[in-house]
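> Contents of structure22.csv (CSV, C-alpha atoms and all ligand atoms) are below:
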```
chain,number,residue,atom,x,y,z
A,1,PRO,CA,0.0,0.0,0.0
A,2,ASP,CA,1.2,3.4,-0.9
A,3,SER,CA,1.9,5.7,2.0
A,4,LEU,CA,4.6,8.1,3.4
A,5,GLN,CA,5.9,5.3,5.6
A,6,ALA,CA,6.2,2.9,2.6
A,7,ALA,CA,8.0,5.5,0.5
A,8,ALA,CA,10.4,6.4,3.4
A,9,ALA,CA,11.0,2.7,4.1
A,10,ARG,CA,12.2,2.2,0.5
A,11,THR,CA,15.2,4.4,1.2
A,12,GLY,CA,15.8,3.1,4.7
A,13,LEU,CA,14.0,6.0,6.4
A,14,THR,CA,11.1,6.1,8.8
A,15,TYR,CA,8.3,8.6,8.4
A,16,GLY,CA,6.1,9.4,11.4
A,17,ALA,CA,4.1,12.1,13.1
A,18,GLU,CA,3.2,13.7,16.4
A,19,VAL,CA,-0.2,12.7,17.6
A,20,PRO,CA,-2.3,14.4,20.3
A,21,ASP,CA,-3.8,11.6,22.4
A,22,TYR,CA,-7.4,13.1,22.1
A,23,ARG,CA,-7.3,12.8,18.3
A,24,LEU,CA,-7.1,9.1,18.5
A,25,ASP,CA,-10.8,9.1,19.2
A,26,LEU,CA,-11.5,10.2,15.7
A,27,PRO,CA,-11.8,7.2,13.3
A,28,ALA,CA,-10.6,9.1,10.2
A,29,TYR,CA,-7.6,10.3,12.1
A,30,ARG,CA,-6.8,6.9,13.4
A,31,ARG,CA,-7.0,5.5,9.9
A,32,ALA,CA,-4.7,8.2,8.4
A,33,VAL,CA,-2.1,7.8,11.1
A,34,ALA,CA,-2.1,4.0,10.9
A,35,ARG,CA,-1.7,4.2,7.1
A,36,GLU,CA,0.9,6.9,6.8
A,37,CYS,CA,3.1,6.6,9.9
A,38,GLY,CA,5.8,4.1,10.9
A,39,MET,CA,6.6,6.0,14.1
A,40,LEU,CA,4.6,8.2,16.6
A,41,VAL,CA,5.4,10.7,19.3
A,42,CYS,CA,3.1,12.2,21.8
A,43,GLY,CA,2.5,16.0,21.6
A,44,THR,CA,2.0,16.5,25.3
A,45,ALA,CA,1.1,13.1,26.9
A,46,MET,CA,4.6,12.2,28.0
A,47,LYS,CA,5.5,15.7,29.1
A,48,MET,CA,5.9,16.5,32.8
A,49,VAL,CA,2.9,18.8,32.7
A,50,VAL,CA,0.7,15.8,32.0
A,51,VAL,CA,2.5,13.0,33.8
A,52,LEU,CA,3.2,15.0,37.0
A,53,ALA,CA,0.3,17.4,36.8
A,54,LYS,CA,-0.5,16.8,40.5
A,55,PRO,CA,2.2,16.3,43.1
A,56,GLY,CA,2.4,12.7,44.3
A,57,LEU,CA,0.4,11.3,41.4
A,58,GLU,CA,1.7,10.0,38.1
A,59,ASP,CA,-0.6,9.9,35.2
A,60,PHE,CA,0.6,7.7,32.4
A,61,GLY,CA,-2.9,7.2,30.9
A,62,PRO,CA,-2.7,9.4,27.9
A,63,GLY,CA,0.8,8.2,27.0
A,64,ASP,CA,-0.3,4.6,27.5
A,65,ALA,CA,-3.2,5.1,25.1
A,66,THR,CA,-0.9,6.3,22.3
A,67,MET,CA,1.5,3.5,23.1
A,68,ARG,CA,-1.3,0.9,22.8
A,69,PHE,CA,-2.4,2.4,19.5
A,70,ALA,CA,1.2,2.4,18.1
A,71,ARG,CA,1.6,-1.3,19.2
A,72,ALA,CA,-1.6,-2.3,17.6
A,73,ASN,CA,-0.4,-0.8,14.3
A,74,GLY,CA,3.2,-2.0,14.4
A,75,GLN,CA,4.6,1.5,14.9
A,76,ARG,CA,7.6,2.6,16.9
A,77,MET,CA,7.6,5.3,19.5
A,78,ARG,CA,9.7,8.3,20.3
A,79,GLY,CA,9.6,9.9,23.8
A,80,HIS,CA,9.1,13.6,24.2
A,81,THR,CA,10.5,15.1,26.4
A,82,LEU,CA,12.2,14.6,29.8
A,83,VAL,CA,14.0,18.0,30.5
A,84,TRP,CA,12.4,21.2,29.1
A,85,HIS,CA,12.0,24.7,30.4
A,86,ASP,CA,8.4,24.6,29.2
A,87,ALA,CA,5.6,22.3,30.2
A,88,LEU,CA,6.6,22.2,33.9
A,89,PRO,CA,3.6,21.7,36.2
A,90,ASP,CA,2.8,24.8,38.3
A,91,TRP,CA,4.1,23.1,41.5
A,92,VAL,CA,7.5,22.1,40.0
A,93,GLN,CA,8.9,25.6,39.3
A,94,PRO,CA,8.8,26.8,43.0
A,95,LEU,CA,10.1,23.4,44.1
A,96,LEU,CA,13.1,23.6,41.8
A,97,ALA,CA,13.7,27.3,42.9
A,98,ARG,CA,14.0,26.3,46.5
A,99,SER,CA,15.9,23.1,46.0
A,100,SER,CA,19.6,22.6,46.8
A,101,PRO,CA,21.5,21.1,43.9
A,102,ALA,CA,21.3,17.7,45.6
A,103,GLN,CA,17.5,18.0,46.0
A,104,ALA,CA,17.1,19.1,42.4
A,105,GLU,CA,19.2,16.1,41.3
A,106,ALA,CA,17.0,13.8,43.4
A,107,PHE,CA,13.9,15.2,41.8
A,108,LEU,CA,15.3,14.8,38.3
A,109,ARG,CA,16.2,11.2,39.1
A,110,ARG,CA,12.7,10.5,40.4
A,111,TRP,CA,11.1,12.1,37.3
A,112,ILE,CA,13.2,10.3,34.7
A,113,GLY,CA,13.0,7.1,36.7
A,114,ALA,CA,9.2,7.4,36.6
A,115,ALA,CA,8.6,8.4,33.0
A,116,ALA,CA,11.5,6.5,31.3
A,117,GLY,CA,11.0,3.6,33.8
A,118,HIS,CA,7.3,3.3,33.0
A,119,TRP,CA,7.9,3.0,29.3
A,120,ARG,CA,11.2,1.2,29.6
A,121,GLY,CA,12.1,-0.9,26.5
A,122,GLN,CA,9.3,0.7,24.5
A,123,ILE,CA,10.8,4.0,23.4
A,124,GLU,CA,13.3,4.0,20.5
A,125,SER,CA,14.7,7.4,21.4
A,126,TRP,CA,14.0,9.9,24.2
A,127,ASP,CA,14.3,13.6,23.9
A,128,VAL,CA,16.4,13.8,27.1
A,129,VAL,CA,16.7,17.6,26.7
A,130,ASN,CA,14.7,19.9,24.6
A,131,GLU,CA,15.6,23.5,23.5
A,132,VAL,CA,18.5,24.0,25.8
A,133,LEU,CA,20.0,26.9,23.7
A,134,ALA,CA,18.9,30.5,24.3
A,135,ILE,CA,16.9,32.2,21.6
A,136,GLY,CA,17.2,35.9,21.2
A,137,GLU,CA,19.5,37.5,23.7
A,138,VAL,CA,22.3,35.1,24.4
A,139,ARG,CA,23.8,36.0,27.8
A,140,ARG,CA,26.1,33.1,28.5
A,141,PRO,CA,29.3,32.1,26.5
A,142,ASP,CA,28.0,28.5,26.3
A,143,GLY,CA,24.8,29.8,24.7
A,144,LEU,CA,22.6,27.9,27.2
A,145,ARG,CA,19.0,29.1,27.9
A,146,GLU,CA,18.4,30.3,31.4
A,147,THR,CA,15.9,27.8,32.8
A,148,PRO,CA,14.8,26.5,36.2
A,149,TRP,CA,17.0,23.4,35.5
A,150,LEU,CA,20.1,25.5,34.8
A,151,ALA,CA,19.4,27.7,37.9
A,152,ALA,CA,19.0,24.6,40.1
A,153,LEU,CA,21.7,22.4,38.8
A,154,GLY,CA,24.2,24.5,36.7
A,155,PRO,CA,25.2,23.6,33.2
A,156,GLY,CA,25.9,20.0,34.2
A,157,TYR,CA,22.2,19.3,34.2
A,158,ILE,CA,22.4,18.3,30.5
A,159,ASP,CA,25.0,15.6,30.9
A,160,LEU,CA,23.4,14.4,34.1
A,161,ALA,CA,20.0,13.9,32.4
A,162,PHE,CA,21.6,11.7,29.7
A,163,HIS,CA,23.4,9.6,32.4
A,164,ILE,CA,20.2,9.1,34.3
A,165,LEU,CA,18.2,8.0,31.2
A,166,HIS,CA,21.0,5.6,30.3
A,167,GLU,CA,20.7,4.0,33.8
A,168,VAL,CA,16.9,3.8,33.6
A,169,ASP,CA,16.5,2.6,30.0
A,170,PRO,CA,19.8,1.8,28.3
A,171,ALA,CA,17.9,0.6,25.2
A,172,ALA,CA,16.5,4.1,24.5
A,173,ALA,CA,18.7,6.3,22.4
A,174,GLY,CA,19.4,9.5,24.4
A,175,THR,CA,18.6,12.5,22.1
A,176,TRP,CA,19.2,16.2,22.3
A,177,ASN,CA,16.3,17.9,20.6
A,178,GLU,CA,16.9,21.5,19.5
A,179,ASP,CA,15.0,24.1,17.5
A,180,ALA,CA,16.1,26.9,15.2
A,181,VAL,CA,19.3,25.3,13.7
A,182,GLU,CA,18.0,24.7,10.2
A,183,GLN,CA,17.8,27.9,8.3
A,184,ASP,CA,20.1,30.5,6.8
A,185,VAL,CA,20.5,33.4,9.2
A,186,PRO,CA,23.6,34.3,11.1
A,187,TRP,CA,22.0,33.7,14.5
A,188,MET,CA,21.1,30.1,13.5
A,189,GLU,CA,24.6,29.6,12.1
A,190,ALA,CA,25.9,30.6,15.5
A,191,ARG,CA,23.6,28.1,17.1
A,192,ARG,CA,24.9,25.4,14.8
A,193,THR,CA,28.4,26.1,16.0
A,194,LEU,CA,27.2,25.9,19.7
A,195,VAL,CA,25.6,22.6,19.0
A,196,LEU,CA,28.7,21.1,17.4
A,197,ARG,CA,31.0,22.3,20.1
A,198,ARG,CA,28.7,21.0,22.8
A,199,LEU,CA,28.3,17.6,21.1
A,200,GLU,CA,32.0,17.3,20.9
A,201,GLY,CA,32.4,18.1,24.6
A,202,MET,CA,29.7,15.7,25.6
A,203,LEU,CA,31.3,12.8,23.6
A,204,ALA,CA,34.7,13.7,25.0
A,205,ARG,CA,33.2,13.5,28.5
A,206,GLY,CA,31.7,10.1,27.8
A,207,VAL,CA,28.1,11.3,28.0
A,208,PRO,CA,25.7,8.6,26.6
A,209,ILE,CA,24.1,10.7,23.9
A,210,ARG,CA,23.3,8.8,20.6
A,211,ARG,CA,21.2,11.2,18.5
A,212,PHE,CA,20.6,14.8,17.7
A,213,GLY,CA,17.1,16.0,16.8
A,214,LEU,CA,16.4,18.9,14.6
A,215,GLN,CA,12.8,20.1,15.4
A,216,SER,CA,12.5,21.7,12.0
A,217,HIS,CA,9.7,24.1,12.5
A,218,LEU,CA,10.6,25.8,9.2
A,219,THR,CA,9.6,29.3,8.6
A,220,SER,CA,8.8,30.8,5.2
A,221,THR,CA,10.2,34.2,6.3
A,222,LEU,CA,13.8,32.7,6.3
A,223,PRO,CA,15.9,31.1,3.5
A,224,ILE,CA,17.3,27.6,3.5
A,225,ASP,CA,20.9,27.2,2.5
A,226,GLN,CA,21.3,23.6,1.3
A,227,GLU,CA,25.1,23.7,1.5
A,228,ARG,CA,25.2,24.9,5.1
A,229,LEU,CA,22.6,22.5,6.2
A,230,ARG,CA,24.3,19.6,4.4
A,231,ARG,CA,27.6,20.5,6.2
A,232,PHE,CA,25.9,20.7,9.6
A,233,LEU,CA,24.3,17.3,9.2
A,234,ALA,CA,27.5,15.7,7.9
A,235,GLU,CA,29.4,17.1,10.9
A,236,ILE,CA,26.9,15.6,13.4
A,237,GLY,CA,27.1,12.3,11.5
A,238,GLY,CA,30.9,12.5,11.5
A,239,LEU,CA,30.8,12.5,15.3
A,240,GLY,CA,29.2,9.1,15.2
A,241,LEU,CA,25.7,10.4,16.1
A,242,ALA,CA,22.5,9.6,14.4
A,243,ILE,CA,20.0,12.4,13.4
A,244,GLU,CA,16.3,12.7,13.6
A,245,ILE,CA,14.0,15.3,12.1
A,246,THR,CA,11.6,15.4,15.0
A,247,GLU,CA,8.9,18.1,14.5
A,248,LEU,CA,8.9,19.1,10.8
A,249,ASP,CA,6.2,21.6,9.7
A,250,PHE,CA,6.0,24.6,7.4
A,251,ASP,CA,4.7,28.0,8.4
A,252,ASP,CA,3.3,29.8,5.3
A,253,ARG,CA,3.2,33.3,6.7
A,254,ALA,CA,5.3,34.8,4.0
A,255,PHE,CA,3.0,33.5,1.2
A,256,PRO,CA,-0.2,35.2,-0.1
A,257,ALA,CA,-3.6,33.9,1.0
A,258,ASP,CA,-4.2,32.0,-2.2
A,259,ILE,CA,-4.1,28.3,-1.5
A,260,ALA,CA,-2.2,27.3,-4.6
A,261,ALA,CA,0.4,29.9,-4.0
A,262,ARG,CA,0.9,28.8,-0.4
A,263,ASP,CA,1.1,25.2,-1.4
A,264,ARG,CA,3.7,26.1,-4.0
A,265,GLY,CA,5.7,28.0,-1.4
A,266,VAL,CA,5.5,25.3,1.1
A,267,THR,CA,6.4,22.5,-1.3
A,268,ASP,CA,9.4,24.5,-2.6
A,269,MET,CA,10.7,24.7,1.0
A,270,ALA,CA,10.0,21.1,1.7
A,271,ARG,CA,11.8,20.0,-1.4
A,272,ARG,CA,14.9,22.1,-0.6
A,273,TYR,CA,14.9,20.8,2.9
A,274,LEU,CA,14.2,17.1,2.3
A,275,ASP,CA,16.6,16.8,-0.6
A,276,VAL,CA,19.4,17.5,1.9
A,277,VAL,CA,18.0,15.6,4.8
A,278,CYS,CA,17.2,12.4,2.9
A,279,ALA,CA,20.6,12.3,1.3
A,280,GLU,CA,22.4,12.3,4.7
A,281,LYS,CA,23.1,8.7,5.9
A,282,ALA,CA,23.0,9.7,9.5
A,283,VAL,CA,19.3,10.7,9.3
A,284,LEU,CA,17.0,7.9,10.5
A,285,ASN,CA,13.6,9.4,11.0
A,286,VAL,CA,11.5,12.2,9.6
A,287,MET,CA,8.6,13.1,11.8
A,288,THR,CA,6.1,15.9,11.1
A,289,TRP,CA,4.5,17.7,14.0
A,290,ASP,CA,1.0,16.2,13.6
A,291,ILE,CA,-0.2,15.1,10.1
A,292,TYR,CA,-3.2,17.1,9.2
A,293,ASP,CA,-3.6,20.9,8.9
A,294,PRO,CA,-6.3,21.5,11.4
A,295,ASP,CA,-4.0,20.3,14.3
A,296,THR,CA,-1.0,22.4,13.6
A,297,TRP,CA,0.2,24.3,16.7
A,298,LEU,CA,1.4,27.2,14.4
A,299,ASN,CA,-2.1,28.7,14.3
A,300,ASP,CA,-2.1,29.1,18.1
A,301,HIS,CA,1.4,30.6,18.3
A,302,PRO,CA,1.6,34.4,18.7
A,303,ASN,CA,4.7,34.7,16.5
A,304,ARG,CA,3.9,32.0,14.0
A,305,LYS,CA,0.2,32.4,13.1
A,306,ARG,CA,-0.7,34.2,9.9
A,307,PRO,CA,-1.5,37.9,10.2
A,308,ASP,CA,-4.6,37.4,8.1
A,309,GLY,CA,-5.7,34.7,10.6
A,310,LEU,CA,-6.1,32.0,7.9
A,311,PRO,CA,-5.3,28.4,9.1
A,312,GLN,CA,-1.9,27.4,7.8
A,313,ARG,CA,-1.1,24.8,5.1
A,314,ALA,CA,1.6,23.3,7.3
A,315,LEU,CA,1.2,19.5,7.0
A,316,PRO,CA,0.8,16.7,4.5
A,317,LEU,CA,-3.0,16.1,4.8
A,318,ASP,CA,-5.9,18.5,4.6
A,319,ALA,CA,-8.9,18.9,6.9
A,320,ASP,CA,-10.6,16.0,5.1
A,321,PHE,CA,-7.5,13.8,5.4
A,322,ALA,CA,-6.9,14.2,1.6
A,323,ARG,CA,-3.3,14.2,0.4
A,324,LYS,CA,-2.0,17.7,-0.3
A,325,PRO,CA,0.7,18.7,-2.7
A,326,LEU,CA,3.0,18.6,0.4
A,327,TRP,CA,2.2,14.9,0.8
A,328,HIS,CA,3.4,14.3,-2.8
A,329,THR,CA,6.6,16.3,-2.2
A,330,PHE,CA,7.4,14.1,0.8
A,331,HIS,CA,6.5,11.0,-1.1
A,332,LYS,CA,8.9,12.0,-4.0
A,333,ALA,CA,11.7,13.2,-1.7
A,334,PHE,CA,11.9,9.9,0.2
B,401,LIG,C1,3.6,22.0,21.5
B,401,LIG,C2,2.3,21.2,21.3
B,401,LIG,O1,2.1,21.0,20.0
B,401,LIG,C3,1.2,22.0,21.8
B,401,LIG,O2,0.0,21.3,21.7
B,401,LIG,C4,1.5,22.4,23.3
B,401,LIG,O3,0.4,23.3,23.7
B,401,LIG,C5,2.8,23.2,23.4
B,401,LIG,O4,3.8,22.4,22.9
B,401,LIG,N1,8.5,22.5,20.2
B,401,LIG,C6,8.4,21.3,21.0
B,401,LIG,C7,7.0,20.8,21.2
B,401,LIG,O5,9.4,20.7,21.4
B,401,LIG,O6,6.9,20.1,22.5
B,401,LIG,C8,6.0,21.9,21.1
B,401,LIG,O7,4.7,21.2,21.2
B,401,LIG,C9,6.1,22.6,19.8
B,401,LIG,C10,7.5,23.3,19.8
```
Go ahead and express the file in the form of structure tokens.
Ligand code: XIL

Amino acid sequence: PDSLQAAAARTGLTYGAEVPDYRLDLPAYRRAVARECGMLVCGTAMKMVVVLAKPGLEDFGPGDATMRFARANGQRMRGHTLVWHDALPDWVQPLLARSSPAQAEAFLRRWIGAAAGHWRGQIESWDVVNEVLAIGEVRRPDGLRETPWLAALGPGYIDLAFHILHEVDPAAAGTWNEDAVEQDVPWMEARRTLVLRRLEGMLARGVPIRRFGLQSHLTSTLPIDQERLRRFLAEIGGLGLAIEITELDFDDRAFPADIAARDRGVTDMARRYLDVVCAEKAVLNVMTWDIYDPDTWLNDHPNRKRPDGLPQRALPLDADFARKPLWHTFHKAF
């Protein structure tokens, strides 16, 4: 049967998508995801904000539901995400703020033990850390974002989290997932350099990191330089790390309202991006952030939604689960 996962598999890649757990109640959605995807990731269900919503209570229900669906359809799972500045439950931020480093480490160990322990052996790769580099004003020479984790534990929190995951679930590939490293602007080029230096440091220190994830929320307002991107991916691969494209989508803000024009703009971007990505041997998985347009998070994001308020044409399937030009671009690129 023809599908994105079948096309990807022919070149040794896996195509998959983020799924919000509540969508799995919709039969047409279930069918589309079962047909197109070889791998799934939860949009929020495995984040701390869901699992540890209430102190002293762990809620694995939504994540388990997605896991069961993936199992039933022979799909693999990614885990997203263990350490992030966002999606912290309300009660965790003050707890971290008043913790000694030893207490904060104990909390981190309990949390990773709970989440990665619960799904031990069932997650191919865990986003151990997500978005650790600063965006906008960079105040530290190491480029790290100032987060509750950094404040509580110092810059060693990143290495520490990888070591803890490795103790809890050694079969899961420890992944650093990062955003805004894909496109051709000087500040992203600077972030690419920070990534490479930090990866080299982590490997030299013996940190059990196995993959780097490029979120790939691509924006139509910025260019893509294929040569720079190719070099970046090759350098990561050269370090012996695998690469995942973890959250691919296309904001169409820069294109006019006309649907055909937007689809042309988005498919041009996709072709430029996927040509490079699919040619790099280190790349294993290409995941989009959801699979059909009505679900894209871009429409809710203050800086990413369209000024004219139109819903974005960001994903491979339309509101009726029909295959868009973007689906065909993916299919051809794989
Ligand atoms: C987003 C989800 O899609 C939303 O539903 C949620 O409200 C906020 O988080 N980068 C990430 C993802 O790593 O976790 C984010 O997901 C999108 C940006």
> List as an NGL selection string: which residues have an atom within 8 Å of (10.0, 26.4, 16.7), counting all atoms listed in the file?
:A and (179-180 or 215-218)
> What residues have any atom no more than 8 Å from ligand LIG 401 (chain B) when counting only C-alpha atoms and all ligand atoms, and can you list them as a list in words?
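Written in the requested form, the residues are Pro20, Gly43, Thr44, His80, Thr81, Ala87, Asn130, Glu131, Asn177, Glu178, Asp179, Gln215, His217, Glu247, Trp289, Thr296 and Trp297 of chain A.
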> Could you turn the residues from that selection into a file that holds C-alpha atoms, as a CSV table (one decimal), in the frame of the given file?

```
chain,number,residue,atom,x,y,z
A,20,PRO,CA,-2.3,14.4,20.3
A,43,GLY,CA,2.5,16.0,21.6
A,44,THR,CA,2.0,16.5,25.3
A,80,HIS,CA,9.1,13.6,24.2
A,81,THR,CA,10.5,15.1,26.4
A,87,ALA,CA,5.6,22.3,30.2
A,130,ASN,CA,14.7,19.9,24.6
A,131,GLU,CA,15.6,23.5,23.5
A,177,ASN,CA,16.3,17.9,20.6
A,178,GLU,CA,16.9,21.5,19.5
A,179,ASP,CA,15.0,24.1,17.5
A,215,GLN,CA,12.8,20.1,15.4
A,217,HIS,CA,9.7,24.1,12.5
A,247,GLU,CA,8.9,18.1,14.5
A,289,TRP,CA,4.5,17.7,14.0
A,296,THR,CA,-1.0,22.4,13.6
A,297,TRP,CA,0.2,24.3,16.7
```
> Which is closer to Leu95 (chain A) than all the others in A:Pro148, A:Pro141, A:Gly56, A:Gly61, using only C-alpha atoms?
A:Pro148
> Measure the distance from CA of Ile243 (chain A) to CA of Asn285 (chain A) in Å and round it to one decimal.
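Separating CA of Ile243 (chain A) from CA of Asn285 (chain A) is a distance of 7.5 Å.
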> I want to know what sits within 9 Å of region 264-273 of chain A, based on only C-alpha atoms, with residues of the same chain fewer than 4 positions away left out; could you give that as a list in words?
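Listed by chain and then number, they are Glu182, Leu218, Thr219, Ser220, Pro223, Ile224, Asp225, Gln226, Leu229, Asp249, Phe250, Asp251, Asp252, Ala254, Phe255, Ile259, Ala260, Val277, Cys278, Arg313, Ala314, Pro325, Leu326, Trp327, His328, Thr329, Phe330, Lys332 and Ala333 of chain A.
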> Write out as JSON lines a residue-level contact list of region 123-167 of chain A versus region 194-203 of chain A with cut-off 10 Å: for each qualifying residue the closest pair of atoms and the distance in Å to one decimal, counting all atoms listed in the file, rows sorted by chain and residue number upward.

```
{"residue": "A:Val132", "atom": "CA", "partner": "A:Val195", "partner_atom": "CA", "distance": 9.9}
{"residue": "A:Leu133", "atom": "CA", "partner": "A:Leu194", "partner_atom": "CA", "distance": 8.3}
{"residue": "A:Pro141", "atom": "CA", "partner": "A:Leu194", "partner_atom": "CA", "distance": 9.4}
{"residue": "A:Asp142", "atom": "CA", "partner": "A:Leu194", "partner_atom": "CA", "distance": 7.1}
{"residue": "A:Gly143", "atom": "CA", "partner": "A:Leu194", "partner_atom": "CA", "distance": 6.8}
{"residue": "A:Leu144", "atom": "CA", "partner": "A:Leu194", "partner_atom": "CA", "distance": 9.0}
{"residue": "A:Ile158", "atom": "CA", "partner": "A:Met202", "partner_atom": "CA", "distance": 9.2}
{"residue": "A:Asp159", "atom": "CA", "partner": "A:Met202", "partner_atom": "CA", "distance": 7.1}
{"residue": "A:Phe162", "atom": "CA", "partner": "A:Met202", "partner_atom": "CA", "distance": 9.9}
```
> Do you have the CA of Met77 (chain A)-CA of Arg109 (chain A) distance handy?
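Pair CA of Met77 (chain A) / CA of Arg109 (chain A) returns 22.2 Å.
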> Measuring atom to atom with all atoms listed in the file, identify which of A:Ala279, A:Met39, A:Val50, A:Ala319 is nearest to Asn73 (chain A).
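Nearest candidate to Asn73 (chain A) out of A:Ala279, A:Met39, A:Val50, A:Ala319: A:Met39.
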> For Glu58 (chain A), which residue out of A:Val276, A:Ala106, A:Ala115, A:Ala70 is the nearest one, using only C-alpha atoms?
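Between A:Val276, A:Ala106, A:Ala115, A:Ala70, the residue approaching Glu58 (chain A) most closely is A:Ala115.
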> Of the candidates A:Ala173, A:Leu298, A:Ala17, A:Met188, which one gets nearest to Gln122 (chain A) if we count only C-alpha atoms?
A:Ala173
> Quick one: of A:Ile135, A:Cys37, A:Val128, A:Ala116, who's nearest to Ala7 (chain A), counting all atoms listed in the file?
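Closest candidate: A:Cys37.
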> Rank nothing, just name the residue among A:Ala261, A:Leu82, A:Leu214, A:Val129 nearest to Ile245 (chain A), using only C-alpha atoms.
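When distances to Ile245 (chain A) are compared using only C-alpha atoms, the smallest one comes from A:Leu214.
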> Hey, can you check how far CA of Ala234 (chain A) sits from CA of Arg140 (chain A)?
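CA of Arg140 (chain A) lies at a distance of 27.0 Å from CA of Ala234 (chain A).
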> May I have the protein, DNA and RNA residues with any atom at most 10 Å from the point (-6.7, 10.5, 16.9), counting only C-alpha atoms, written as a list of chain:residue names?
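Checking each residue against the 10 Å limit leaves A:Val19, A:Pro20, A:Asp21, A:Tyr22, A:Arg23, A:Leu24, A:Asp25, A:Leu26, A:Pro27, A:Ala28, A:Tyr29, A:Arg30, A:Arg31, A:Ala32, A:Val33, A:Ala34, A:Thr66, A:Phe69.
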> Can you tell me which residues surround Phe60 (chain A) at a distance of at most 12 Å, considering only C-alpha atoms, apart from same-chain residues fewer than 2 positions away, and format the answer as an NGL selection string?
:A and (21 or 42 or 44-53 or 57-58 or 62-68 or 114-119)
> Output region 217-230 of chain A as a tab-separated table (two decimals), keeping the file's coordinate frame, making sure N, CA and C atoms are there.

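The result, stored in part-v2.tsv:
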```tsv
chain	number	residue	atom	x	y	z
A	217	HIS	N	10.83	23.25	12.70
A	217	HIS	CA	9.70	24.10	12.50
A	217	HIS	C	10.11	25.20	11.50
A	218	LEU	N	10.03	24.89	10.21
A	218	LEU	CA	10.60	25.80	9.20
A	218	LEU	C	9.75	26.98	8.95
A	219	THR	N	10.40	28.11	8.77
A	219	THR	CA	9.60	29.30	8.60
A	219	THR	C	9.85	29.91	7.18
A	220	SER	N	8.72	30.29	6.56
A	220	SER	CA	8.80	30.80	5.20
A	220	SER	C	9.41	32.19	5.13
A	221	THR	N	9.62	32.83	6.27
A	221	THR	CA	10.20	34.20	6.30
A	221	THR	C	11.77	34.07	6.21
A	222	LEU	N	12.32	32.87	6.30
A	222	LEU	CA	13.80	32.70	6.30
A	222	LEU	C	14.22	31.75	5.20
A	223	PRO	N	15.39	32.00	4.60
A	223	PRO	CA	15.90	31.10	3.50
A	223	PRO	C	16.46	29.79	4.11
A	224	ILE	N	16.57	28.82	3.20
A	224	ILE	CA	17.30	27.60	3.50
A	224	ILE	C	18.51	27.50	2.66
A	225	ASP	N	19.67	27.36	3.27
A	225	ASP	CA	20.90	27.20	2.50
A	225	ASP	C	21.26	25.70	2.52
A	226	GLN	N	21.11	25.08	1.37
A	226	GLN	CA	21.30	23.60	1.30
A	226	GLN	C	22.73	23.22	1.70
A	227	GLU	N	23.69	24.04	1.26
A	227	GLU	CA	25.10	23.70	1.50
A	227	GLU	C	25.41	23.72	2.99
A	228	ARG	N	24.98	24.80	3.66
A	228	ARG	CA	25.20	24.90	5.10
A	228	ARG	C	24.54	23.79	5.88
A	229	LEU	N	23.32	23.51	5.47
A	229	LEU	CA	22.60	22.50	6.20
A	229	LEU	C	23.25	21.10	5.95
A	230	ARG	N	23.67	20.85	4.72
A	230	ARG	CA	24.30	19.60	4.40
A	230	ARG	C	25.59	19.43	5.27
```
